[in-house]
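Below: one structure, written as C-alpha cells.
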Amino acid sequence: MTEKKFYLTTPIFYPNAKLHMGHAYTTTLSDVLVRYHKLKKDKTYFLTGSDENTQKVVAAAKAAGQEPAVFLDGIVGNFKKLFAALDISYDQFIRTTDEQLHWPGAIALWNKLVAAGDLYKKEYEGLYCVGHEAFITEKELVDGLCPDHGTAPEHIKEENYFFRLSRYTEEIRNKIISDELRIVPATRKREILALLDEGLQDVSFSRPRHAASVGIPVPGDDSQVMYVWCDALSNYITALGYGRDDVLYQEFWQNNPDKMHVIGKDILRFHAAIWPGMLLSAGVPLPATILVHGFITSGGKKMSKTLGNVVDPEELLAEYGTDAVRYYLARHISPFEDGDLTREHFKDVYNADLANGLGNLASRIMQLAQTNLAEPVKVEWQPFPPEFQGAMEKFEINKAAEYVWSRIQSLDQQITETAPFKVIKTDPEKGKSLIANLVQELALIDLMLEPLLPQTSLKIIEAIMANQKPQNLFPRKD
Ligand code: MSP
C-alpha cells in the first residue's frame with residue numbers, strides 16, 4: 001500500500017509586530033488538521049513561516065531603532081515561542097529573507113514566468129497601500145484612506161514588471177468550478193468566482209529597488225526587486241526545495257494530490273487567483289485545497305487597542321495553558337465564519353467544558369479504576385467514530401470537537417446510570433466490568449482529543465496505562 005501524503009501550509013506572517021489571536025487561530029486550525037492526518041498514519045509535512053521582505057518590516061525596525069536583521073530575529077524568535085506554547089507541530093519555519101532556502105526557488109519560479117512570456121515591463125501609476133502591500137484603487141478608499149488600515153495610500157509612478165495574470169482567468173475559473181482547485185467553504189468559492197467573472201487584471205510583480213528597499217533581486221535586472229506577494233506566495237514550494245533540492249518538493253508537491261493552504265479571508269484573492277496563475281504559467285501543479293477561515297472579533301468588534309478589547313494569546317496561554325486555548329479556538333470558532341472571543345466567554349467555557357466536563361470525567365473514571373481494578377485496562381484499538389471523522393474530513397474541527405464533547409456528556413450520564421460505585425459492593429465482578437467499559441470509552445474519547453488537545457490526551461492515556469487518577473487537568477477558575 002502506498003502511503004498517503006498530506007502537505008499543509010499556514011500563511012507566512014508579517015514580522016512587523018507580535019502575533020495576535022487571529023494568527024494563533026490560523027495556526028491552531030492548521031495544527032489540528034495536520035495532527036488528525038498523522039493519526040490516520042498519513043505522511044505529513046507542515047509548513048509555516050514569516051514574510052520578511054516588506055516595507056512594513058523596514059518601517060517597524062526603524063521605529064524600534066534596530067537593524068532590520070536584528071529586529072527580525074527578535075520577532076521571529078517570539079513567533080516560535082508562541083507556536084511552541086500553542087504546541088504547533090510544524091516541520092519547517094521558512095523565512096523569506098533566507099537566501100539559501102527561499103531565494104533560489106523564488107528566482108527559478110520567476111525565470112519560468114519569463115520563459116512562458118508572462119512577464120513584461122510597463123510604466124505604472126497608482127496608489128499603493130503599505131498595509132496591504134498592494135495597489136489600491138481610488139474607488140476603494142474611504143475619505144481618502146484605506147478602509148482596512150486607516151492610512152493614506154502612497155502615490156506611485158514607476159516602472160514595474162507585470163505578470164500576465166489576465167491570460168489565466170478562464171483556466172483558473174474552470175479549475176475552481178470543477179473543484180480541481182477546491183475553495184472551502186462554498187461562500188468563498190462563490191466570492192472568488194464572482195471576481196473571476198469580471199476577468200483578472202495583470203498584476204505588478206516587481207518594484208524599483210529604491211522604492212521597495214528590500215526584496216529578492218529580479219534576475220537579470222538589478223534595478224528591480226520582486227513584489228512582496230510574488231516573493232511570499234512562492235514560499236509554499238521554495239521551502240520544499242523547488243529550484244534547489246527536489247526531494248521534498250517531489251514528494252510533497254509535485255507528486256502529492258493532497259496539498260492544502262490554510263488562509264484568512266482577506267488574502268483569498270492572492271491565493272486563489274494570483275498564485276494559481278503563477279503555477280499555471282510555470283507548469284507547476286496547483287494546490288488541491290484552499291481552506292479560507294474568517295476573522296476573530298471580540299464582543300462583535302475588531303480587536304483594537306482603542307476599544308480595549310484585545311485578547312492577547314500569550315496572556316491566555318499563561319493563565320489557562322496550551323490546551324485550554326486550543327480548545328476554545330477549535331470548538332468555539334467556526335472555521336468558515338467570523339468568530340468571537342472575550343475573556344468572560346473564555347472563562348465560562350473553560351469552567352464548563354474543561355474543568356467540569358472533561359477534567360471531571362477523566363478524574364471520576366480513573367478514580368474508580370484506581371480504587372477497584374487490580375491492573376490497567378488493556379485498551380482495545382477502536383476506529384474513529386464516523387461523526388468525528390466526517391467532520392474532520394470537511395475541516396469542521398468545531399463540529400468534530402462538539403461531537404467529542406457530546407460523548408463526554410453521555411459517558412458522564414453512563415456513570416450515573418450504571419452506578420458502578422454501588423454495583424461493586426454487591427456484585428464485584430459486574431462492577432469491575434462496568435468500570436473497565438468506562439475506561440475503554442474514555443480511551444476512545446482520548447484518541448479523538450489527540451489532534452485537539454495533545455497534552456491532555458497524553459496525560460489521560462498515561463493515566464489509563466498506569467491505572468491512576470490523573471493530576472488535576474483543568475483546575476477551576478473563579
Ligand atoms: N504575509 C501575508 C500572508 C502571505 S502568505 C503567502 C499576511 N500576513 S499577516 O501576518 O498579515 O496575516 C496572516 C494571517 O492571519 C492571514 O491569513 C490573515 O487572514 C490572518 N488574520 C489576520 N487577522 C485576523 C483575525 N482578526 N482573525 C483571524 N485571522 C486573521 O497576510
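Each chain in the C-alpha cells gets a letter, A, B and so on, in the order shown; residues start at 1 in every chain, and ligands are counted from 1 in the order they appear.
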What are the nearest atom pairs, with distances in Å to one decimal, for all residues of chain A that come at most 6 Å from ligand 1, using only C-alpha atoms and all ligand atoms, set out by chain and rising residue number as a tab-separated table?
residue	atom	partner	partner_atom_place_in_ligand_line	distance
A:Pro11	CA	ligand 1	5 (S)	3.9
A:Ile12	CA	ligand 1	5 (S)	4.6
A:Phe13	CA	ligand 1	10 (O)	3.6
A:Tyr14	CA	ligand 1	10 (O)	4.2
A:Gly22	CA	ligand 1	28 (C)	3.4
A:His23	CA	ligand 1	15 (O)	4.5
A:Asp51	CA	ligand 1	1 (N)	5.0
A:Ala232	CA	ligand 1	6 (C)	4.5
A:Leu233	CA	ligand 1	6 (C)	4.0
A:Ile263	CA	ligand 1	17 (O)	4.1
A:Gly264	CA	ligand 1	19 (O)	3.1
A:Lys265	CA	ligand 1	19 (O)	5.5
A:Asp266	CA	ligand 1	19 (O)	5.1
A:Ile267	CA	ligand 1	19 (O)	5.9
A:Gly294	CA	ligand 1	28 (C)	5.8
A:Phe295	CA	ligand 1	27 (N)	3.3
A:Ile296	CA	ligand 1	27 (N)	3.9
For stretch 383-392 of chain A, find every residue with an atom within 12 Å (counting only C-alpha atoms), except residues of its own chain fewer than 2 positions away, and show them as a PDB file with N, CA and C atoms, in the first residue's frame.
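Dumped everything to part14.pdb:
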ATOM      1  N   LEU A  29      -5.787  25.934  13.912  1.00  0.00           N
ATOM      2  CA  LEU A  29      -6.647  25.207  12.970  1.00  0.00           C
ATOM      3  C   LEU A  29      -5.778  24.293  12.094  1.00  0.00           C
ATOM      4  N   SER A  30      -4.690  24.832  11.598  1.00  0.00           N
ATOM      5  CA  SER A  30      -3.781  24.061  10.754  1.00  0.00           C
ATOM      6  C   SER A  30      -3.200  22.872  11.514  1.00  0.00           C
ATOM      7  N   VAL A  32      -4.371  21.276  14.105  1.00  0.00           N
ATOM      8  CA  VAL A  32      -5.368  20.232  14.377  1.00  0.00           C
ATOM      9  C   VAL A  32      -5.513  19.333  13.142  1.00  0.00           C
ATOM     10  N   LEU A  33      -5.558  19.945  11.979  1.00  0.00           N
ATOM     11  CA  LEU A  33      -5.725  19.156  10.742  1.00  0.00           C
ATOM     12  C   LEU A  33      -4.500  18.269  10.487  1.00  0.00           C
ATOM     13  N   VAL A  34      -3.331  18.802  10.714  1.00  0.00           N
ATOM     14  CA  VAL A  34      -2.123  18.005  10.498  1.00  0.00           C
ATOM     15  C   VAL A  34      -2.074  16.825  11.484  1.00  0.00           C
ATOM     16  N   ARG A  35      -2.366  17.099  12.745  1.00  0.00           N
ATOM     17  CA  ARG A  35      -2.328  16.017  13.735  1.00  0.00           C
ATOM     18  C   ARG A  35      -3.368  14.936  13.429  1.00  0.00           C
ATOM     19  N   TYR A  36      -4.497  15.355  12.935  1.00  0.00           N
ATOM     20  CA  TYR A  36      -5.520  14.371  12.546  1.00  0.00           C
ATOM     21  C   TYR A  36      -4.967  13.471  11.432  1.00  0.00           C
ATOM     22  N   HIS A  37      -4.324  14.064  10.446  1.00  0.00           N
ATOM     23  CA  HIS A  37      -3.745  13.262   9.358  1.00  0.00           C
ATOM     24  C   HIS A  37      -2.639  12.344   9.862  1.00  0.00           C
ATOM     25  N   LEU A  39      -2.551  10.994  12.788  1.00  0.00           N
ATOM     26  CA  LEU A  39      -3.229   9.880  13.470  1.00  0.00           C
ATOM     27  C   LEU A  39      -3.772   8.865  12.469  1.00  0.00           C
ATOM     28  N   LYS A  40      -4.120   9.355  11.282  1.00  0.00           N
ATOM     29  CA  LYS A  40      -4.581   8.440  10.229  1.00  0.00           C
ATOM     30  C   LYS A  40      -3.397   7.754   9.553  1.00  0.00           C
ATOM     31  N   ALA A 330     -10.577  25.758  18.663  1.00  0.00           N
ATOM     32  CA  ALA A 330     -11.076  24.645  17.845  1.00  0.00           C
ATOM     33  C   ALA A 330     -12.587  24.497  17.946  1.00  0.00           C
ATOM     34  N   PRO A 335     -14.604  27.397  11.569  1.00  0.00           N
ATOM     35  CA  PRO A 335     -13.551  27.654  10.586  1.00  0.00           C
ATOM     36  C   PRO A 335     -14.068  28.383   9.346  1.00  0.00           C
ATOM     37  N   GLU A 380      -8.543  -1.578  23.924  1.00  0.00           N
ATOM     38  CA  GLU A 380      -8.608  -2.134  22.566  1.00  0.00           C
ATOM     39  C   GLU A 380      -8.620  -1.029  21.536  1.00  0.00           C
ATOM     40  N   TRP A 381      -7.983  -1.259  20.410  1.00  0.00           N
ATOM     41  CA  TRP A 381      -7.976  -0.262  19.342  1.00  0.00           C
ATOM     42  C   TRP A 381      -9.381  -0.072  18.798  1.00  0.00           C
ATOM     43  N   LYS A 394     -14.255  17.260   6.547  1.00  0.00           N
ATOM     44  CA  LYS A 394     -14.800  18.503   5.976  1.00  0.00           C
ATOM     45  C   LYS A 394     -14.153  19.737   6.601  1.00  0.00           C
ATOM     46  N   PHE A 395     -13.107  19.535   7.380  1.00  0.00           N
ATOM     47  CA  PHE A 395     -12.360  20.612   8.070  1.00  0.00           C
ATOM     48  C   PHE A 395     -13.203  21.301   9.136  1.00  0.00           C
ATOM     49  N   GLU A 396     -14.309  20.675   9.528  1.00  0.00           N
ATOM     50  CA  GLU A 396     -15.169  21.301  10.535  1.00  0.00           C
ATOM     51  C   GLU A 396     -14.690  20.878  11.913  1.00  0.00           C
ATOM     52  N   ILE A 397     -13.563  21.446  12.312  1.00  0.00           N
ATOM     53  CA  ILE A 397     -12.978  20.985  13.567  1.00  0.00           C
ATOM     54  C   ILE A 397     -13.865  21.365  14.752  1.00  0.00           C
ATOM     55  N   ASN A 398     -14.665  22.405  14.580  1.00  0.00           N
ATOM     56  CA  ASN A 398     -15.588  22.769  15.667  1.00  0.00           C
ATOM     57  C   ASN A 398     -16.671  21.707  15.845  1.00  0.00           C
ATOM     58  N   LYS A 399     -17.161  21.156  14.721  1.00  0.00           N
ATOM     59  CA  LYS A 399     -18.177  20.101  14.811  1.00  0.00           C
ATOM     60  C   LYS A 399     -17.551  18.821  15.373  1.00  0.00           C
ATOM     61  N   ALA A 400     -16.326  18.550  14.985  1.00  0.00           N
ATOM     62  CA  ALA A 400     -15.648  17.366  15.497  1.00  0.00           C
ATOM     63  C   ALA A 400     -15.509  17.474  17.019  1.00  0.00           C
ATOM     64  N   ALA A 401     -15.110  18.664  17.472  1.00  0.00           N
ATOM     65  CA  ALA A 401     -14.952  18.866  18.916  1.00  0.00           C
ATOM     66  C   ALA A 401     -16.309  18.776  19.624  1.00  0.00           C
ATOM     67  N   GLU A 402     -17.321  19.322  18.977  1.00  0.00           N
ATOM     68  CA  GLU A 402     -18.672  19.268  19.560  1.00  0.00           C
ATOM     69  C   GLU A 402     -19.089  17.801  19.753  1.00  0.00           C
ATOM     70  N   TYR A 403     -18.767  16.977  18.767  1.00  0.00           N
ATOM     71  CA  TYR A 403     -19.097  15.559  18.875  1.00  0.00           C
ATOM     72  C   TYR A 403     -18.352  14.910  20.051  1.00  0.00           C
ATOM     73  N   VAL A 404     -17.084  15.232  20.201  1.00  0.00           N
ATOM     74  CA  VAL A 404     -16.317  14.656  21.315  1.00  0.00           C
ATOM     75  C   VAL A 404     -16.977  15.043  22.644  1.00  0.00           C
ATOM     76  N   TRP A 405     -17.376  16.311  22.731  1.00  0.00           N
ATOM     77  CA  TRP A 405     -17.995  16.734  23.994  1.00  0.00           C
ATOM     78  C   TRP A 405     -19.393  16.115  24.184  1.00  0.00           C
ATOM     79  N   SER A 406     -20.037  15.737  23.133  1.00  0.00           N
ATOM     80  CA  SER A 406     -21.312  15.027  23.328  1.00  0.00           C
ATOM     81  C   SER A 406     -21.026  13.631  23.892  1.00  0.00           C
ATOM     82  N   ARG A 407     -19.930  13.037  23.488  1.00  0.00           N
ATOM     83  CA  ARG A 407     -19.556  11.724  24.047  1.00  0.00           C
ATOM     84  C   ARG A 407     -19.138  11.860  25.514  1.00  0.00           C
ATOM     85  N   GLU A 441     -14.207   3.472  27.005  1.00  0.00           N
ATOM     86  CA  GLU A 441     -14.862   4.637  26.372  1.00  0.00           C
ATOM     87  C   GLU A 441     -14.012   5.899  26.496  1.00  0.00           C
ATOM     88  N   ALA A 443     -10.883   5.980  26.659  1.00  0.00           N
ATOM     89  CA  ALA A 443      -9.744   5.852  25.741  1.00  0.00           C
ATOM     90  C   ALA A 443     -10.137   6.270  24.326  1.00  0.00           C
ATOM     91  N   LEU A 444     -11.358   5.970  23.947  1.00  0.00           N
ATOM     92  CA  LEU A 444     -11.797   6.385  22.608  1.00  0.00           C
ATOM     93  C   LEU A 444     -11.922   7.912  22.534  1.00  0.00           C
ATOM     94  N   ILE A 445     -12.499   8.485  23.584  1.00  0.00           N
ATOM     95  CA  ILE A 445     -12.585   9.948  23.638  1.00  0.00           C
ATOM     96  C   ILE A 445     -11.178  10.535  23.560  1.00  0.00           C
ATOM     97  N   ASP A 446     -10.275   9.884  24.283  1.00  0.00           N
ATOM     98  CA  ASP A 446      -8.904  10.373  24.327  1.00  0.00           C
ATOM     99  C   ASP A 446      -8.240  10.360  22.950  1.00  0.00           C
ATOM    100  N   LEU A 447      -8.541   9.342  22.181  1.00  0.00           N
ATOM    101  CA  LEU A 447      -7.983   9.258  20.824  1.00  0.00           C
ATOM    102  C   LEU A 447      -8.433  10.467  19.996  1.00  0.00           C
ATOM    103  N   MET A 448      -9.719  10.805  20.119  1.00  0.00           N
ATOM    104  CA  MET A 448     -10.244  11.943  19.352  1.00  0.00           C
ATOM    105  C   MET A 448      -9.694  13.272  19.878  1.00  0.00           C
ATOM    106  N   LEU A 449      -9.282  13.266  21.156  1.00  0.00           N
ATOM    107  CA  LEU A 449      -8.737  14.507  21.717  1.00  0.00           C
ATOM    108  C   LEU A 449      -7.345  14.811  21.205  1.00  0.00           C
ATOM    109  N   GLU A 450      -6.647  13.792  20.734  1.00  0.00           N
ATOM    110  CA  GLU A 450      -5.229  13.975  20.388  1.00  0.00           C
ATOM    111  C   GLU A 450      -4.972  15.167  19.473  1.00  0.00           C
ATOM    112  N   PRO A 451      -5.676  15.279  18.328  1.00  0.00           N
ATOM    113  CA  PRO A 451      -5.382  16.432  17.468  1.00  0.00           C
ATOM    114  C   PRO A 451      -5.782  17.765  18.095  1.00  0.00           C
ATOM    115  N   LEU A 452      -6.792  17.727  18.957  1.00  0.00           N
ATOM    116  CA  LEU A 452      -7.320  18.963  19.517  1.00  0.00           C
ATOM    117  C   LEU A 452      -6.531  19.410  20.744  1.00  0.00           C
TER     118      LEU A 452
END
One-decimal distance in Å that lies between atom CA of A:Ile216 and atom CA of A:Lys157: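 If I compute the distance from atom CA of A:Lys157 to atom CA of A:Ile216, I get 20.7 Å.
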Long-range neighbours of A:Pro287 as a ChimeraX atom specification, 9 Å cut-off, only C-alpha atoms, 4 positions minimum in chain: /A:180-182,253,257-261,276
Would you put the residues from that selection into a file with N, CA, C and O atoms, as an mmCIF file, in the first residue's frame?
data_model
loop_
_atom_site.group_PDB
_atom_site.id
_atom_site.type_symbol
_atom_site.label_atom_id
_atom_site.label_comp_id
_atom_site.auth_asym_id
_atom_site.auth_seq_id
_atom_site.Cartn_x
_atom_site.Cartn_y
_atom_site.Cartn_z
ATOM 1 N N GLU A 180 -11.250 21.073 -9.018
ATOM 2 C CA GLU A 180 -9.876 20.576 -9.150
ATOM 3 C C GLU A 180 -8.992 21.432 -8.238
ATOM 4 O O GLU A 180 -8.060 20.943 -7.614
ATOM 5 N N LEU A 181 -9.339 22.706 -8.164
ATOM 6 C CA LEU A 181 -8.799 23.582 -7.118
ATOM 7 C C LEU A 181 -9.987 23.902 -6.223
ATOM 8 O O LEU A 181 -10.864 24.684 -6.575
ATOM 9 N N ARG A 182 -9.993 23.234 -5.055
ATOM 10 C CA ARG A 182 -11.178 23.307 -4.202
ATOM 11 C C ARG A 182 -11.051 24.484 -3.240
ATOM 12 O O ARG A 182 -10.081 24.573 -2.483
ATOM 13 N N TRP A 253 4.922 18.100 -3.126
ATOM 14 C CA TRP A 253 4.177 18.979 -4.043
ATOM 15 C C TRP A 253 3.913 18.281 -5.375
ATOM 16 O O TRP A 253 2.763 17.970 -5.724
ATOM 17 N N PRO A 257 -1.233 14.437 -4.289
ATOM 18 C CA PRO A 257 -2.543 15.024 -4.598
ATOM 19 C C PRO A 257 -3.146 15.806 -3.437
ATOM 20 O O PRO A 257 -4.064 16.604 -3.648
ATOM 21 N N ASP A 258 -2.658 15.596 -2.218
ATOM 22 C CA ASP A 258 -3.320 16.229 -1.074
ATOM 23 C C ASP A 258 -2.456 17.341 -0.465
ATOM 24 O O ASP A 258 -1.727 17.133 0.501
ATOM 25 N N LYS A 259 -2.570 18.525 -1.064
ATOM 26 C CA LYS A 259 -1.801 19.655 -0.538
ATOM 27 C C LYS A 259 -2.762 20.816 -0.336
ATOM 28 O O LYS A 259 -3.567 21.116 -1.207
ATOM 29 N N MET A 260 -2.669 21.420 0.819
ATOM 30 C CA MET A 260 -3.625 22.497 1.085
ATOM 31 C C MET A 260 -3.011 23.716 1.762
ATOM 32 O O MET A 260 -2.067 23.614 2.526
ATOM 33 N N HIS A 261 -3.611 24.863 1.438
ATOM 34 C CA HIS A 261 -3.242 26.107 2.095
ATOM 35 C C HIS A 261 -4.374 26.509 3.031
ATOM 36 O O HIS A 261 -5.530 26.508 2.631
ATOM 37 N N PRO A 276 -2.465 30.553 -8.277
ATOM 38 C CA PRO A 276 -2.721 29.561 -9.340
ATOM 39 C C PRO A 276 -2.227 30.048 -10.695
ATOM 40 O O PRO A 276 -1.716 29.259 -11.490
#
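Closest to A:Thr27 among A:Thr10, A:Gln224, A:Gln250, A:Ser89 is A:Thr10, based on only C-alpha atoms.
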Residue neighbourhood stretch 129-131 of chain A, 10 Å, only C-alpha atoms, exclusion window fewer than 3 positions, as JSON, numbers by chain: {"A": [54, 55, 56, 134, 135, 136, 137, 145, 146, 148, 149, 150, 151, 152, 153, 154, 155]}
